[in-house]
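The data block below is target.cif; it holds mmCIF, C-alpha atoms (C1' of nucleotides).
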data_model
loop_
_atom_site.label_atom_id
_atom_site.label_comp_id
_atom_site.auth_asym_id
_atom_site.auth_seq_id
_atom_site.Cartn_x
_atom_site.Cartn_y
_atom_site.Cartn_z
CA MET K 867 -1.28 83.82 -120.55
CA LYS K 868 1.49 81.40 -121.44
CA PHE K 869 1.60 77.80 -120.19
CA ALA K 870 4.53 75.53 -120.96
CA THR K 871 5.60 71.95 -120.40
CA TRP K 872 9.19 70.71 -120.55
CA ASN K 873 10.90 67.46 -119.69
CA VAL K 874 14.12 69.00 -118.37
CA ASN K 875 16.01 65.71 -117.77
CA SER K 876 17.35 66.73 -114.34
CA ILE K 877 16.55 70.21 -113.04
CA ARG K 878 19.95 70.53 -111.39
CA ALA K 879 21.87 69.58 -114.52
CA ARG K 880 19.57 71.83 -116.59
CA LEU K 881 19.18 74.78 -114.22
CA ASP K 882 21.09 77.35 -116.27
CA ARG K 883 19.27 76.37 -119.46
CA VAL K 884 15.87 76.45 -117.75
CA LEU K 885 16.49 79.85 -116.16
CA GLU K 886 17.78 81.30 -119.41
CA TRP K 887 14.64 79.98 -121.10
CA LEU K 888 12.36 81.42 -118.39
CA ASP K 889 14.01 84.82 -118.83
CA ARG K 890 13.60 84.67 -122.60
CA VAL K 891 10.11 83.20 -122.92
CA ALA K 892 8.61 84.35 -119.61
CA PRO K 893 5.81 81.79 -119.32
CA ASP K 894 3.21 82.32 -116.61
CA VAL K 895 3.31 78.62 -115.79
CA LEU K 896 6.02 76.04 -116.45
CA CYS K 897 5.37 72.34 -115.86
CA MET K 898 8.54 70.30 -115.57
CA GLN K 899 9.16 66.57 -115.72
CA GLU K 900 12.11 64.33 -114.87
CA THR K 901 13.42 66.74 -112.26
CA LYS K 902 15.34 63.84 -110.66
CA VAL K 903 15.58 65.48 -107.25
CA THR K 904 13.97 65.29 -103.82
CA ASP K 905 11.83 68.27 -102.82
CA GLU K 906 14.29 69.64 -100.25
CA LEU K 907 17.04 69.75 -102.87
CA PHE K 908 14.92 71.33 -105.62
CA PRO K 909 16.60 74.64 -106.58
CA ARG K 910 13.66 76.88 -105.69
CA GLU K 911 15.53 80.12 -105.05
CA PRO K 912 16.39 81.09 -108.64
CA PHE K 913 12.74 80.53 -109.60
CA GLU K 914 11.49 82.57 -106.66
CA ARG K 915 13.94 85.36 -107.48
CA ARG K 916 12.22 85.57 -110.85
CA GLY K 917 8.80 85.80 -109.27
CA TYR K 918 7.74 82.17 -109.58
CA ARG K 919 6.22 79.98 -106.92
CA VAL K 920 7.38 76.40 -107.10
CA MET K 921 5.61 73.20 -106.24
CA ALA K 922 7.82 70.14 -106.49
CA PHE K 923 7.06 66.46 -106.13
CA GLY K 924 10.19 64.45 -106.65
CA GLN K 925 12.42 61.64 -105.60
CA LYS K 926 16.08 60.81 -105.88
CA THR K 927 17.54 59.77 -109.25
CA TYR K 928 14.36 59.14 -111.25
CA ASN K 929 11.05 60.77 -112.14
CA GLY K 930 10.00 63.98 -110.40
CA VAL K 931 7.55 66.68 -111.52
CA ALA K 932 7.20 70.33 -110.60
CA ILE K 933 5.12 73.38 -111.42
CA ALA K 934 6.48 76.93 -111.40
CA SER K 935 3.90 79.70 -111.62
CA ARG K 936 3.86 83.46 -111.35
CA ARG K 937 0.44 83.19 -109.72
CA PRO K 938 -0.43 81.35 -106.49
CA LEU K 939 -0.64 77.56 -106.64
CA GLU K 940 -3.86 76.44 -105.00
CA SER K 941 -5.56 73.12 -104.21
CA THR K 942 -2.30 71.32 -104.82
CA GLU K 943 -2.11 67.55 -105.21
CA ARG K 944 1.02 65.40 -105.18
CA GLY K 945 0.58 62.10 -106.93
CA PHE K 946 -2.60 60.07 -107.35
CA ALA K 947 -1.94 57.06 -105.15
CA LYS K 948 -5.68 56.67 -104.58
CA HIS K 949 -6.19 55.99 -108.29
CA CYS K 950 -2.96 54.29 -109.33
CA ALA K 951 -1.28 51.19 -107.94
CA ASP K 952 2.24 52.32 -108.81
CA PRO K 953 2.11 56.08 -109.40
CA GLY K 954 5.74 57.13 -108.72
CA CYS K 955 6.53 60.84 -108.49
CA ARG K 956 4.89 61.40 -111.82
CA LEU K 957 1.82 63.59 -111.31
CA VAL K 958 1.32 66.93 -109.65
CA ALA K 959 -1.71 69.18 -109.91
CA ALA K 960 -2.60 72.70 -108.90
CA THR K 961 -5.03 75.45 -109.73
CA THR K 962 -3.18 78.51 -110.94
CA ALA K 963 -4.05 81.43 -113.19
CA ASP K 964 -7.67 80.19 -113.08
CA VAL K 965 -6.74 76.90 -114.70
CA ARG K 966 -6.62 73.42 -113.17
CA VAL K 967 -3.18 72.20 -114.25
CA VAL K 968 -2.33 68.49 -114.15
CA ASN K 969 1.34 67.88 -114.88
CA VAL K 970 2.28 64.29 -115.75
CA TYR K 971 5.33 62.22 -116.53
CA VAL K 972 3.99 59.00 -118.02
CA PRO K 973 6.17 55.90 -117.60
CA ASN K 974 8.35 55.11 -120.59
CA GLY K 975 7.33 51.46 -120.91
CA ARG K 976 10.82 50.41 -122.08
CA ALA K 977 9.74 47.56 -124.40
CA VAL K 978 6.33 46.26 -125.44
CA ASP K 979 7.11 42.75 -124.17
CA SER K 980 8.28 43.97 -120.75
CA PRO K 981 6.21 44.29 -117.57
CA HIS K 982 7.05 48.00 -117.69
CA PHE K 983 4.85 48.36 -120.76
CA ALA K 984 1.87 46.79 -118.99
CA ALA K 985 2.55 49.18 -116.11
CA LYS K 986 2.56 52.10 -118.54
CA LEU K 987 -0.86 51.10 -119.89
CA GLU K 988 -2.19 50.76 -116.36
CA TRP K 989 -0.76 54.17 -115.47
CA LEU K 990 -2.53 55.75 -118.45
CA ARG K 991 -5.82 54.06 -117.53
CA SER K 992 -5.37 55.27 -113.96
CA LEU K 993 -4.96 58.81 -115.23
CA ARG K 994 -8.35 58.59 -116.94
CA ARG K 995 -9.95 57.24 -113.73
CA TYR K 996 -8.29 60.05 -111.78
CA LEU K 997 -9.70 62.69 -114.16
CA ASP K 998 -13.17 61.13 -113.95
CA ASP K 999 -12.97 61.33 -110.18
CA VAL K 1000 -11.44 64.76 -109.54
CA ALA K 1001 -12.18 66.89 -112.61
CA ARG K 1002 -14.99 67.98 -114.91
CA PRO K 1003 -14.54 68.43 -118.64
CA THR K 1004 -16.54 71.66 -118.42
CA GLU K 1005 -13.91 73.37 -116.27
CA ALA K 1006 -10.74 75.05 -117.52
CA ILE K 1007 -8.30 72.18 -117.26
CA LEU K 1008 -4.88 71.51 -118.79
CA VAL K 1009 -3.34 68.05 -118.69
CA CYS K 1010 0.20 68.43 -119.90
CA GLY K 1011 3.57 66.78 -119.72
CA ASP K 1012 5.69 63.99 -121.13
CA PHE K 1013 3.17 61.35 -122.20
CA ASN K 1014 5.75 59.06 -123.79
CA VAL K 1015 3.20 58.33 -126.51
CA ALA K 1016 3.25 59.59 -130.09
CA PRO K 1017 -0.48 59.80 -130.84
CA GLU K 1018 -0.30 59.24 -134.61
CA ASP K 1019 2.17 58.32 -137.33
CA ARG K 1020 2.56 61.99 -138.27
CA ASP K 1021 4.12 62.43 -134.81
CA VAL K 1022 6.94 59.99 -135.65
CA TYR K 1023 9.94 60.51 -137.93
CA ALA K 1024 9.94 56.89 -139.11
CA PRO K 1025 6.49 55.35 -138.56
CA GLU K 1026 7.44 52.02 -140.15
CA LEU K 1027 10.42 51.71 -137.80
CA PHE K 1028 8.21 52.38 -134.78
CA ARG K 1029 5.24 50.26 -135.87
CA ASN K 1030 3.93 48.37 -132.82
CA GLN K 1031 6.91 49.59 -130.81
CA VAL K 1032 6.91 51.44 -127.52
CA HIS K 1033 5.65 55.07 -127.87
CA CYS K 1034 3.56 54.04 -130.89
CA HIS K 1035 1.88 50.78 -129.94
CA PRO K 1036 -1.88 50.65 -130.65
CA GLU K 1037 -2.60 49.85 -127.01
CA GLU K 1038 -0.94 52.99 -125.67
CA ARG K 1039 -2.42 55.13 -128.44
CA LYS K 1040 -5.83 53.74 -127.48
CA ALA K 1041 -5.20 54.55 -123.81
CA LEU K 1042 -4.34 58.09 -124.84
CA VAL K 1043 -7.53 58.37 -126.91
CA GLU K 1044 -9.47 57.23 -123.85
CA ILE K 1045 -7.87 60.01 -121.82
CA ALA K 1046 -8.84 62.48 -124.56
CA GLU K 1047 -12.40 61.14 -124.43
CA PHE K 1048 -12.66 62.57 -120.93
CA GLY K 1049 -13.06 65.81 -122.88
CA LEU K 1050 -9.60 67.01 -123.82
CA VAL K 1051 -8.14 68.45 -126.99
CA ASP K 1052 -4.52 68.11 -128.18
CA VAL K 1053 -4.05 71.84 -128.64
CA PHE K 1054 -0.88 71.43 -130.70
CA ARG K 1055 -2.75 69.45 -133.31
CA ARG K 1056 -5.59 71.96 -133.36
CA HIS K 1057 -3.07 74.53 -134.62
CA HIS K 1058 -0.62 72.40 -136.64
CA ALA K 1059 -1.54 69.54 -138.99
CA GLU K 1060 1.80 68.79 -140.63
CA SER K 1061 4.23 65.98 -139.86
CA GLY K 1062 7.87 66.54 -138.94
CA LEU K 1063 7.11 68.47 -135.74
CA TYR K 1064 8.58 66.77 -132.70
CA SER K 1065 9.29 67.46 -129.04
CA TRP K 1066 11.98 64.82 -128.36
CA TRP K 1067 15.13 63.80 -130.20
CA ASP K 1068 17.62 61.15 -129.08
CA TYR K 1069 20.98 62.45 -127.93
CA ARG K 1070 22.63 59.85 -130.16
CA LEU K 1071 23.42 59.68 -133.88
CA GLY K 1072 22.86 63.38 -134.48
CA ALA K 1073 19.14 62.73 -134.21
CA PHE K 1074 18.24 66.37 -133.65
CA HIS K 1075 20.34 67.46 -136.61
CA ARG K 1076 18.49 64.94 -138.77
CA ASN K 1077 15.13 65.75 -137.18
CA TRP K 1078 14.73 62.14 -136.11
CA GLY K 1079 12.21 62.84 -133.39
CA LEU K 1080 8.91 62.02 -131.77
CA ARG K 1081 6.10 64.25 -130.55
CA ILE K 1082 5.51 62.79 -127.11
CA ASP K 1083 5.18 65.96 -124.99
CA HIS K 1084 1.63 67.23 -125.08
CA ILE K 1085 -0.74 69.87 -123.84
CA TRP K 1086 -4.31 68.63 -123.63
CA ALA K 1087 -6.99 71.17 -122.77
CA SER K 1088 -10.69 71.01 -122.02
CA GLU K 1089 -12.76 72.34 -124.91
CA SER K 1090 -13.59 75.65 -123.24
CA LEU K 1091 -9.90 76.29 -122.61
CA ALA K 1092 -8.81 74.97 -126.02
CA ALA K 1093 -11.14 77.51 -127.60
CA ARG K 1094 -9.09 80.25 -125.93
CA CYS K 1095 -5.74 79.00 -127.31
CA THR K 1096 -4.29 81.49 -129.77
CA SER K 1097 -1.04 79.67 -130.53
CA VAL K 1098 0.84 76.51 -129.67
CA SER K 1099 4.50 75.94 -130.42
CA ILE K 1100 7.42 73.64 -129.77
CA ASP K 1101 10.53 75.65 -128.94
CA ARG K 1102 13.24 73.87 -130.93
CA GLU K 1103 15.72 76.60 -129.96
CA ALA K 1104 15.79 75.11 -126.47
CA ARG K 1105 17.03 71.79 -127.89
CA LYS K 1106 20.07 73.48 -129.48
CA GLY K 1107 23.36 74.59 -127.98
CA LYS K 1108 25.27 73.34 -124.99
CA GLN K 1109 23.92 70.70 -122.60
CA PRO K 1110 20.31 70.70 -123.75
CA SER K 1111 17.58 68.44 -122.46
CA ASP K 1112 16.65 65.81 -125.04
CA HIS K 1113 13.13 67.32 -124.97
CA ALA K 1114 11.98 70.73 -126.16
CA PRO K 1115 9.36 72.81 -124.34
CA VAL K 1116 5.80 73.01 -125.67
CA VAL K 1117 4.16 76.38 -125.15
CA VAL K 1118 0.52 77.39 -125.40
CA GLU K 1119 -0.79 80.93 -125.41
CA ILE K 1120 -4.24 81.35 -123.88
CA ALA K 1121 -6.30 84.49 -124.32
"C1'" DA J 1297 23.73 75.21 -137.38
"C1'" DT J 1298 21.65 71.82 -134.31
"C1'" DG J 1299 26.65 66.18 -134.83
"C1'" DG J 1300 29.13 61.53 -132.74
"C1'" DC J 1301 24.37 59.93 -125.72
"C1'" DC J 1302 23.29 61.86 -121.07
"C1'" DG J 1303 22.46 62.00 -115.95
"C1'" DC J 1304 22.45 59.54 -112.04
"C1'" DT J 1305 24.65 56.86 -108.18
"C1'" DA J 1306 26.43 54.99 -100.32
"C1'" DT J 1307 29.88 56.56 -108.67
"C1'" DG J 1308 34.48 54.62 -111.11
"C1'" DA J 1309 29.98 50.38 -114.26
"C1'" DG J 1310 25.45 49.86 -114.68
"C1'" DC J 1311 20.79 51.47 -114.98
"C1'" DG J 1312 17.08 54.11 -117.12
"C1'" DG J 1313 15.68 57.07 -120.51
"C1'" DA J 1314 13.04 57.04 -125.39
#
Encoded form using structure tokens:
Amino acid sequence: MKFATWNVNSIRARLDRVLEWLDRVAPDVLCMQETKVTDELFPREPFERRGYRVMAFGQKTYNGVAIASRRPLESTERGFAKHCADPGCRLVAATTADVRVVNVYVPNGRAVDSPHFAAKLEWLRSLRRYLDDVARPTEAILVCGDFNVAPEDRDVYAPELFRNQVHCHPEERKALVEIAEFGLVDVFRRHHAESGLYSWWDYRLGAFHRNWGLRIDHIWASESLAARCTSVSIDREARKGKQPSDHAPVVVEIA
DNA sequence: ATGGCCGCTATGAGCGGA
């Protein structure tokens, strides 16, 4: 079983690239972020033609998350307003392929000295409270998406440049650790220890060409599920070519 | 090869992304 997460940076702008990728990689489940579209305008048909069900939770212009799955999407949840003061269209959850999938798009935070950064920290803390309330670490659960946090310096192309900056600030890294302490494993890091492996590269300055990137897109799994992971990869191919997203998909194979 | 920002909007400049 293949589960993937990808910040597509507008599903309508990226539709051809996403469909081409689905046809090539054929994941069982694809979690998308930054769909930037309301639910009635989400392009469901091409997914359904390929045998995927789609669950979308979006808004105009910004944010937006969606799950496409070849298996039924059950016990669906849109957002977590009960647990978060300002959730946005940034979390969607469903049980599919016998896994509880929580798909998140964590706020960017913009700058450490901005109120948006405080809101990001609060959002991350809310996610932990949400997990405590609705999930159990003993179940098969995946929490994946664009976390907008590089967990460690090996996830950053220039750690000294990003020291105490947004994506790398100790406070957000701590909030991420606290989410992990619910009982989740960063499955990418369980399979790959080296630095230089990223999931996002700026569109500017030939950043992808220079591998100036960050690993901010993650798949976290409960221990029982992590134990079934046979491989985890970042598909850099999807960042190449014409009109790519600035993020690459992360794919986990589960036995 | 994979380059020089991109996508969005009661667009035509400004905002947000990361």
Note to self: Rounded to one decimal, what separation in Å do you get between atom CA of K:Val958 and atom CA of K:Gly917?
What the structure shows: 20.3 Å
For the contact check between chain K and chain J, emit one row per residue of chain K within 6 Å, containing the shortest atom pair and the distance in Å rounded to one decimal, counting all atoms listed in the file, chain then rising number order, as a Markdown table.
| residue | atom | partner | partner_atom | distance |
| --- | --- | --- | --- | --- |
| K:Thr927 | CA | J:DC1304 | C1' | 5.7 |
| K:Tyr1069 | CA | J:DC1301 | C1' | 4.8 |
| K:Arg1070 | CA | J:DC1301 | C1' | 4.8 |
| K:Gly1072 | CA | J:DG1299 | C1' | 4.7 |
| K:His1075 | CA | J:DT1298 | C1' | 5.1 |
| K:Lys1106 | CA | J:DT1298 | C1' | 5.3 |
Margin query: Please report the interatomic distance between atom CA of K:Gly945 and atom CA of K:Trp887 in Å with one decimal.
Written below: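 Spanning atom CA of K:Gly945 to atom CA of K:Trp887 is a straight-line distance of 26.8 Å.
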Test item: the PyMOL selection byres ((chain K and resi 938) around 9) resolved as an mmCIF file with C-alpha atoms, in the coordinates of the input:
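Okay, part37.cif is ready:
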data_model
loop_
_atom_site.group_PDB
_atom_site.id
_atom_site.type_symbol
_atom_site.label_atom_id
_atom_site.label_comp_id
_atom_site.auth_asym_id
_atom_site.auth_seq_id
_atom_site.Cartn_x
_atom_site.Cartn_y
_atom_site.Cartn_z
ATOM 1 C CA TYR K 918 7.740 82.170 -109.580
ATOM 2 C CA ARG K 919 6.220 79.980 -106.920
ATOM 3 C CA SER K 935 3.900 79.700 -111.620
ATOM 4 C CA ARG K 936 3.860 83.460 -111.350
ATOM 5 C CA ARG K 937 0.440 83.190 -109.720
ATOM 6 C CA LEU K 939 -0.640 77.560 -106.640
ATOM 7 C CA GLU K 940 -3.860 76.440 -105.000
ATOM 8 C CA THR K 961 -5.030 75.450 -109.730
ATOM 9 C CA THR K 962 -3.180 78.510 -110.940
ATOM 10 C CA ALA K 963 -4.050 81.430 -113.190
#
Margin query: Using Å and a single decimal, report how far atom CA of K:Ser1111 sits from atom CA of K:Arg956.
Written below: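 Value for the atom CA of K:Arg956-atom CA of K:Ser1111 distance: 18.0 Å.
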Note to self: Assuming the chain letters and numbering stay as they are in my file, what does the PyMOL selection byres ((chain K and resi 881) around 12) actually select? List them as a list of chain:residue names.
What the structure shows: K:Val874, K:Asn875, K:Ser876, K:Ile877, K:Arg878, K:Ala879, K:Arg880, K:Asp882, K:Arg883, K:Val884, K:Leu885, K:Glu886, K:Trp887, K:Leu888, K:Met898, K:Thr901, K:Phe908, K:Pro909, K:Arg910, K:Glu911, K:Pro912, K:Phe913, K:Gln1109, K:Pro1110, K:Ser1111
Item checked: Proximity to K:His982 - best of K:Val903, K:Ala959, K:Leu1050, K:Val1032, all atoms listed in the file -> K:Val1032
Can I get stretch 1025-1054 of chain K with N, CA and C atoms filled in, as a CSV table (one decimal), in the frame of the given file?
chain,number,residue,atom,x,y,z
K,1025,PRO,N,7.6,56.1,-139.1
K,1025,PRO,CA,6.5,55.4,-138.6
K,1025,PRO,C,6.7,53.8,-138.8
K,1026,GLU,N,7.3,53.5,-139.9
K,1026,GLU,CA,7.4,52.0,-140.2
K,1026,GLU,C,8.4,51.4,-139.2
K,1027,LEU,N,9.4,52.2,-138.8
K,1027,LEU,CA,10.4,51.7,-137.8
K,1027,LEU,C,9.8,51.5,-136.4
K,1028,PHE,N,8.8,52.4,-136.1
K,1028,PHE,CA,8.2,52.4,-134.8
K,1028,PHE,C,6.9,51.6,-134.7
K,1029,ARG,N,6.5,51.0,-135.8
K,1029,ARG,CA,5.2,50.3,-135.9
K,1029,ARG,C,5.2,49.2,-134.8
K,1030,ASN,N,4.1,49.3,-133.9
K,1030,ASN,CA,3.9,48.4,-132.8
K,1030,ASN,C,5.0,48.4,-131.8
K,1031,GLN,N,5.9,49.4,-131.8
K,1031,GLN,CA,6.9,49.6,-130.8
K,1031,GLN,C,6.4,50.5,-129.7
K,1032,VAL,N,7.2,50.6,-128.6
K,1032,VAL,CA,6.9,51.4,-127.5
K,1032,VAL,C,6.9,52.9,-128.0
K,1033,HIS,N,6.0,53.7,-127.5
K,1033,HIS,CA,5.6,55.1,-127.9
K,1033,HIS,C,4.6,55.1,-129.0
K,1034,CYS,N,4.5,54.0,-129.7
K,1034,CYS,CA,3.6,54.0,-130.9
K,1034,CYS,C,2.6,52.8,-130.9
K,1035,HIS,N,2.7,52.0,-129.9
K,1035,HIS,CA,1.9,50.8,-129.9
K,1035,HIS,C,0.4,51.1,-129.9
K,1036,PRO,N,-0.4,50.4,-130.6
K,1036,PRO,CA,-1.9,50.6,-130.6
K,1036,PRO,C,-2.5,50.7,-129.3
K,1037,GLU,N,-2.0,49.9,-128.4
K,1037,GLU,CA,-2.6,49.8,-127.0
K,1037,GLU,C,-2.4,51.2,-126.3
K,1038,GLU,N,-1.2,51.7,-126.4
K,1038,GLU,CA,-0.9,53.0,-125.7
K,1038,GLU,C,-1.6,54.2,-126.4
K,1039,ARG,N,-1.7,54.1,-127.7
K,1039,ARG,CA,-2.4,55.1,-128.4
K,1039,ARG,C,-3.9,55.1,-128.1
K,1040,LYS,N,-4.4,53.9,-127.9
K,1040,LYS,CA,-5.8,53.7,-127.5
K,1040,LYS,C,-6.0,54.3,-126.1
K,1041,ALA,N,-5.1,54.0,-125.2
K,1041,ALA,CA,-5.2,54.6,-123.8
K,1041,ALA,C,-5.2,56.1,-123.8
K,1042,LEU,N,-4.4,56.6,-124.7
K,1042,LEU,CA,-4.3,58.1,-124.8
K,1042,LEU,C,-5.7,58.7,-125.4
K,1043,VAL,N,-6.2,58.0,-126.4
K,1043,VAL,CA,-7.5,58.4,-126.9
K,1043,VAL,C,-8.6,58.3,-125.8
K,1044,GLU,N,-8.5,57.3,-124.9
K,1044,GLU,CA,-9.5,57.2,-123.8
K,1044,GLU,C,-9.3,58.4,-122.8
K,1045,ILE,N,-8.1,58.8,-122.7
K,1045,ILE,CA,-7.9,60.0,-121.8
K,1045,ILE,C,-8.5,61.2,-122.5
K,1046,ALA,N,-8.3,61.3,-123.8
K,1046,ALA,CA,-8.8,62.5,-124.6
K,1046,ALA,C,-10.4,62.5,-124.5
K,1047,GLU,N,-10.9,61.3,-124.5
K,1047,GLU,CA,-12.4,61.1,-124.4
K,1047,GLU,C,-13.0,61.6,-123.1
K,1048,PHE,N,-12.2,61.9,-122.1
K,1048,PHE,CA,-12.7,62.6,-120.9
K,1048,PHE,C,-13.2,63.9,-121.3
K,1049,GLY,N,-12.6,64.5,-122.4
K,1049,GLY,CA,-13.1,65.8,-122.9
K,1049,GLY,C,-11.9,66.7,-123.1
K,1050,LEU,N,-10.8,66.2,-123.7
K,1050,LEU,CA,-9.6,67.0,-123.8
K,1050,LEU,C,-9.2,67.1,-125.3
K,1051,VAL,N,-8.6,68.2,-125.6
K,1051,VAL,CA,-8.1,68.4,-127.0
K,1051,VAL,C,-6.6,68.6,-127.0
K,1052,ASP,N,-6.0,67.9,-128.0
K,1052,ASP,CA,-4.5,68.1,-128.2
K,1052,ASP,C,-4.3,69.5,-128.9
K,1053,VAL,N,-4.0,70.5,-128.1
K,1053,VAL,CA,-4.0,71.8,-128.6
K,1053,VAL,C,-3.0,72.1,-129.7
K,1054,PHE,N,-1.9,71.3,-129.6
K,1054,PHE,CA,-0.9,71.4,-130.7
K,1054,PHE,C,-1.5,71.0,-132.0
